[in-house]
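*Asks:* Got a structure for you, questions after.
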Amino acid sequence: MSSPSTALRLTGRDVLPLLHRTTSNALADLVPGQARATLFCDFRGRLQHRAIVAVTPDGAVWLLRDDAPGAPLAAVVDRMVFRDDVAIEDRSESLAVRLVADPAREARVITSEAGVPSLVATGDGTALAIGHALAEPALDEAARIALLHPKHGHEIAEAWNPFEIGLAHEVHLAKGCFTGQEALQRLITYASVRRRPAHVRLTQAPDALPAALHANGEAAGQITSFSGGEAFALLAVDAFASGATFTLADGGAVTIVSAPEPARPLGRP
């Protein structure tokens, strides 16, 4: 049975250069003890994977996530390797990765005596706890939604681009080309981002996910995650700006709890 989380250990002199030129964030300057989130996109700028990149004191680079198995991501990285000095070791079966709350909001990498990262945080209010047997409880789904923390298969999906789900701060548009960079650049240049993330509250559960949202009788977004009345919504930018009232397709009420102003991608004024 495959692990539901990802712990890939990458070694070799070309690991960071490879990830830097193929994924969304600037990674070439990472040093031991630092971590940064990055996105794997297709040529359209649509999301395929999100992972935290952490460098441990031994110089190894770890790709970590709590919400999807390691084998698919390992295969993606392996396909990127041509003549690069990169070795991939999948530790996902032996190391659990769990999303936990991080009130300190401090970027850091804590490493165990065995050289394995035991806690990795990027400063966004969450952290990844890593280990063979984790006692710390995972952040529950409603709390994840309230933080607008995206999840693989829900917000991290080919239906969306990084800007729609609130991950512009994990895209660096001035670092050089990467897969999807041209498409993402056009979205910003021509102000073409059509959705924005919001934490909303529903009075009834959607029949299925994603669930359509309506405003003024027209399609106006999607519910991508739901738990205990809390929902992660992608709202149509124009409908939100007009102050429209959103509902589920069947008329169920939708209350906007928070809709943070979208960040700008890195490398842009």
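Residue numbering restarts at 1 in every chain; chains get A, B, ... in the order shown in the structure tokens, and ligands count up from 1 in that same order.
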Determine, counting only C-alpha atoms, which protein, DNA and RNA residues have an atom within 9 Å of an atom of Ala7 in chain A; residues of the same chain fewer than 6 positions away are not included. Present the result as a list in words.

*Replies:* Trp62, Leu63, Leu64, Arg65, Asp66, Pro69, Gly70, Glu89, Asp90, Arg91, Ser92, Glu93, Ser94, Leu95, Ala96, Val97 and Ile130 of chain A

*Asks:* Which residues are near Val193 in chain A? Cut-off 9 Å, only C-alpha atoms, ignore same chain within fewer than 2 positions. Put them as a PDB file with N, CA and C atoms, in the first residue's frame.

*Replies:*
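The result, stored in around-v2.pdb:
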ATOM      1  N   ASN A 161      -4.788  27.421 -11.746  1.00  0.00           N
ATOM      2  CA  ASN A 161      -3.414  27.914 -11.786  1.00  0.00           C
ATOM      3  C   ASN A 161      -3.052  28.463 -10.401  1.00  0.00           C
ATOM      4  N   PHE A 163      -2.306  31.349  -9.182  1.00  0.00           N
ATOM      5  CA  PHE A 163      -2.858  32.632  -8.759  1.00  0.00           C
ATOM      6  C   PHE A 163      -4.301  32.492  -8.278  1.00  0.00           C
ATOM      7  N   GLU A 164      -5.060  31.577  -8.874  1.00  0.00           N
ATOM      8  CA  GLU A 164      -6.458  31.384  -8.497  1.00  0.00           C
ATOM      9  C   GLU A 164      -6.598  30.846  -7.081  1.00  0.00           C
ATOM     10  N   LEU A 187      -0.868  35.737 -17.703  1.00  0.00           N
ATOM     11  CA  LEU A 187      -1.994  35.973 -16.800  1.00  0.00           C
ATOM     12  C   LEU A 187      -1.810  37.265 -16.014  1.00  0.00           C
ATOM     13  N   ILE A 188      -0.578  37.535 -15.598  1.00  0.00           N
ATOM     14  CA  ILE A 188      -0.306  38.756 -14.843  1.00  0.00           C
ATOM     15  C   ILE A 188      -0.266  39.970 -15.769  1.00  0.00           C
ATOM     16  N   TYR A 190      -1.713  40.557 -18.572  1.00  0.00           N
ATOM     17  CA  TYR A 190      -3.011  40.946 -19.120  1.00  0.00           C
ATOM     18  C   TYR A 190      -4.138  40.906 -18.078  1.00  0.00           C
ATOM     19  N   ALA A 191      -3.761  40.846 -16.795  1.00  0.00           N
ATOM     20  CA  ALA A 191      -4.753  40.854 -15.701  1.00  0.00           C
ATOM     21  C   ALA A 191      -5.871  39.854 -15.977  1.00  0.00           C
ATOM     22  N   ARG A 195     -10.280  34.052 -10.850  1.00  0.00           N
ATOM     23  CA  ARG A 195     -10.813  33.594  -9.564  1.00  0.00           C
ATOM     24  C   ARG A 195      -9.867  33.989  -8.444  1.00  0.00           C
ATOM     25  N   ARG A 196     -10.404  34.040  -7.239  1.00  0.00           N
ATOM     26  CA  ARG A 196      -9.601  34.323  -6.059  1.00  0.00           C
ATOM     27  C   ARG A 196     -10.085  33.435  -4.920  1.00  0.00           C
ATOM     28  N   VAL A 237     -13.669  36.688  -9.796  1.00  0.00           N
ATOM     29  CA  VAL A 237     -13.153  37.995  -9.377  1.00  0.00           C
ATOM     30  C   VAL A 237     -14.177  39.095  -9.625  1.00  0.00           C
TER      31      VAL A 237
END

*Asks:* Smallest atom-to-atom distance to Thr122 in chain A: which of A:Ala101, A:Asp67, A:Ala87, A:Gln34, using only C-alpha atoms?

*Replies:*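 Going through A:Ala101, A:Asp67, A:Ala87, A:Gln34 one by one, the smallest distance to Thr122 in chain A is for A:Gln34.
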
*Asks:* Pick out the residues sitting within 10 Å of Phe178 in chain A, and hand them over as an NGL selection string; count only C-alpha atoms, and ignore anything fewer than 3 positions along from it in its own chain.

*Replies:* :A and (19-25 or 40-43 or 45 or 172-173 or 175 or 181-182)

*Asks:* Store the residues picked out above in a file with N, CA, C and O atoms, as an mmCIF file, in the first residue's frame.

*Replies:*
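selection05.cif, written as the output of this step:
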data_model
loop_
_atom_site.group_PDB
_atom_site.id
_atom_site.type_symbol
_atom_site.label_atom_id
_atom_site.label_comp_id
_atom_site.auth_asym_id
_atom_site.auth_seq_id
_atom_site.Cartn_x
_atom_site.Cartn_y
_atom_site.Cartn_z
ATOM 1 N N LEU A 19 15.725 21.743 -9.847
ATOM 2 C CA LEU A 19 14.431 22.180 -9.325
ATOM 3 C C LEU A 19 14.203 23.662 -9.583
ATOM 4 O O LEU A 19 13.075 24.097 -9.848
ATOM 5 N N HIS A 20 15.267 24.446 -9.524
ATOM 6 C CA HIS A 20 15.165 25.889 -9.756
ATOM 7 C C HIS A 20 14.667 26.174 -11.170
ATOM 8 O O HIS A 20 13.840 27.066 -11.374
ATOM 9 N N ARG A 21 15.173 25.428 -12.159
ATOM 10 C CA ARG A 21 14.833 25.741 -13.549
ATOM 11 C C ARG A 21 13.570 25.040 -14.043
ATOM 12 O O ARG A 21 13.114 25.322 -15.164
ATOM 13 N N THR A 22 13.005 24.145 -13.248
ATOM 14 C CA THR A 22 11.828 23.407 -13.714
ATOM 15 C C THR A 22 10.570 23.695 -12.903
ATOM 16 O O THR A 22 9.466 23.397 -13.365
ATOM 17 N N THR A 23 10.716 24.248 -11.700
ATOM 18 C CA THR A 23 9.545 24.526 -10.868
ATOM 19 C C THR A 23 9.406 26.031 -10.651
ATOM 20 O O THR A 23 10.238 26.824 -11.095
ATOM 21 N N SER A 24 8.359 26.433 -9.953
ATOM 22 C CA SER A 24 7.934 27.836 -9.968
ATOM 23 C C SER A 24 8.760 28.787 -9.118
ATOM 24 O O SER A 24 8.813 29.982 -9.396
ATOM 25 N N ASN A 25 9.388 28.299 -8.054
ATOM 26 C CA ASN A 25 10.034 29.207 -7.113
ATOM 27 C C ASN A 25 11.545 29.264 -7.337
ATOM 28 O O ASN A 25 12.132 28.379 -7.966
ATOM 29 N N PHE A 40 4.927 22.538 -9.197
ATOM 30 C CA PHE A 40 5.184 21.869 -10.469
ATOM 31 C C PHE A 40 3.960 22.126 -11.343
ATOM 32 O O PHE A 40 2.851 21.694 -11.008
ATOM 33 N N CYS A 41 4.156 22.834 -12.456
ATOM 34 C CA CYS A 41 3.051 23.199 -13.337
ATOM 35 C C CYS A 41 3.224 22.546 -14.704
ATOM 36 O O CYS A 41 4.329 22.140 -15.070
ATOM 37 N N ASP A 42 2.150 22.482 -15.482
ATOM 38 C CA ASP A 42 2.281 22.058 -16.866
ATOM 39 C C ASP A 42 2.519 23.285 -17.744
ATOM 40 O O ASP A 42 2.623 24.412 -17.245
ATOM 41 N N PHE A 43 2.618 23.090 -19.057
ATOM 42 C CA PHE A 43 2.967 24.197 -19.954
ATOM 43 C C PHE A 43 1.902 25.298 -19.961
ATOM 44 O O PHE A 43 2.173 26.429 -20.362
ATOM 45 N N GLY A 45 0.568 26.437 -17.244
ATOM 46 C CA GLY A 45 0.598 27.070 -15.936
ATOM 47 C C GLY A 45 -0.384 26.449 -14.965
ATOM 48 O O GLY A 45 -0.609 26.985 -13.880
ATOM 49 N N HIS A 172 7.974 32.686 -8.880
ATOM 50 C CA HIS A 172 8.973 33.739 -9.098
ATOM 51 C C HIS A 172 9.114 33.942 -10.605
ATOM 52 O O HIS A 172 9.650 33.099 -11.314
ATOM 53 N N LEU A 173 8.618 35.097 -11.082
ATOM 54 C CA LEU A 173 8.572 35.335 -12.515
ATOM 55 C C LEU A 173 9.831 36.009 -13.058
ATOM 56 O O LEU A 173 9.916 36.279 -14.253
ATOM 57 N N LYS A 175 13.075 34.806 -12.279
ATOM 58 C CA LYS A 175 14.232 33.926 -12.064
ATOM 59 C C LYS A 175 14.662 33.208 -13.337
ATOM 60 O O LYS A 175 15.642 32.473 -13.343
ATOM 61 N N GLN A 181 5.973 29.015 -17.106
ATOM 62 C CA GLN A 181 6.296 30.411 -16.809
ATOM 63 C C GLN A 181 5.647 31.387 -17.798
ATOM 64 O O GLN A 181 5.107 32.426 -17.401
ATOM 65 N N GLU A 182 5.681 31.070 -19.094
ATOM 66 C CA GLU A 182 5.127 31.990 -20.085
ATOM 67 C C GLU A 182 3.629 32.178 -19.886
ATOM 68 O O GLU A 182 3.118 33.301 -19.970
#

*Asks:* Near range 203-209 of chain A, counting only C-alpha atoms, which residues have an atom at most 8 Å away, once you skip same-chain residues fewer than 6 positions from it, shown as a tab-separated table (two decimals) with N, CA, C and O atoms, in the first residue's frame?

*Replies:*
chain	number	residue	atom	x	y	z
A	223	ILE	N	-16.61	25.46	-5.12
A	223	ILE	CA	-16.18	24.98	-3.80
A	223	ILE	C	-15.25	23.81	-4.06
A	223	ILE	O	-15.62	22.84	-4.73
A	224	THR	N	-14.03	23.88	-3.53
A	224	THR	CA	-13.04	22.83	-3.81
A	224	THR	C	-12.79	21.92	-2.61
A	224	THR	O	-12.32	20.80	-2.77
A	225	SER	N	-13.06	22.40	-1.38
A	225	SER	CA	-12.91	21.59	-0.17
A	225	SER	C	-14.04	21.95	0.79
A	225	SER	O	-14.47	23.12	0.85
A	226	PHE	N	-14.49	20.95	1.57
A	226	PHE	CA	-15.57	21.20	2.54
A	226	PHE	C	-15.39	20.30	3.74
A	226	PHE	O	-15.05	19.13	3.61
A	229	GLY	N	-19.04	22.44	7.64
A	229	GLY	CA	-19.61	23.75	7.33
A	229	GLY	C	-18.62	24.74	6.75
A	229	GLY	O	-19.00	25.75	6.17
A	248	LEU	N	-24.82	28.23	-3.56
A	248	LEU	CA	-24.61	26.97	-4.25
A	248	LEU	C	-25.58	26.90	-5.43
A	248	LEU	O	-26.55	27.66	-5.51
A	252	GLY	N	-28.34	26.95	-1.92
A	252	GLY	CA	-27.83	26.95	-0.56
A	252	GLY	C	-26.99	28.19	-0.26
A	252	GLY	O	-26.22	28.66	-1.11
A	253	ALA	N	-27.15	28.71	0.96
A	253	ALA	CA	-26.50	29.98	1.32
A	253	ALA	C	-24.99	29.82	1.46
A	253	ALA	O	-24.49	28.79	1.91
A	254	VAL	N	-24.27	30.86	1.08
A	254	VAL	CA	-22.81	30.92	1.19
A	254	VAL	C	-22.44	32.22	1.89
A	254	VAL	O	-22.83	33.31	1.44
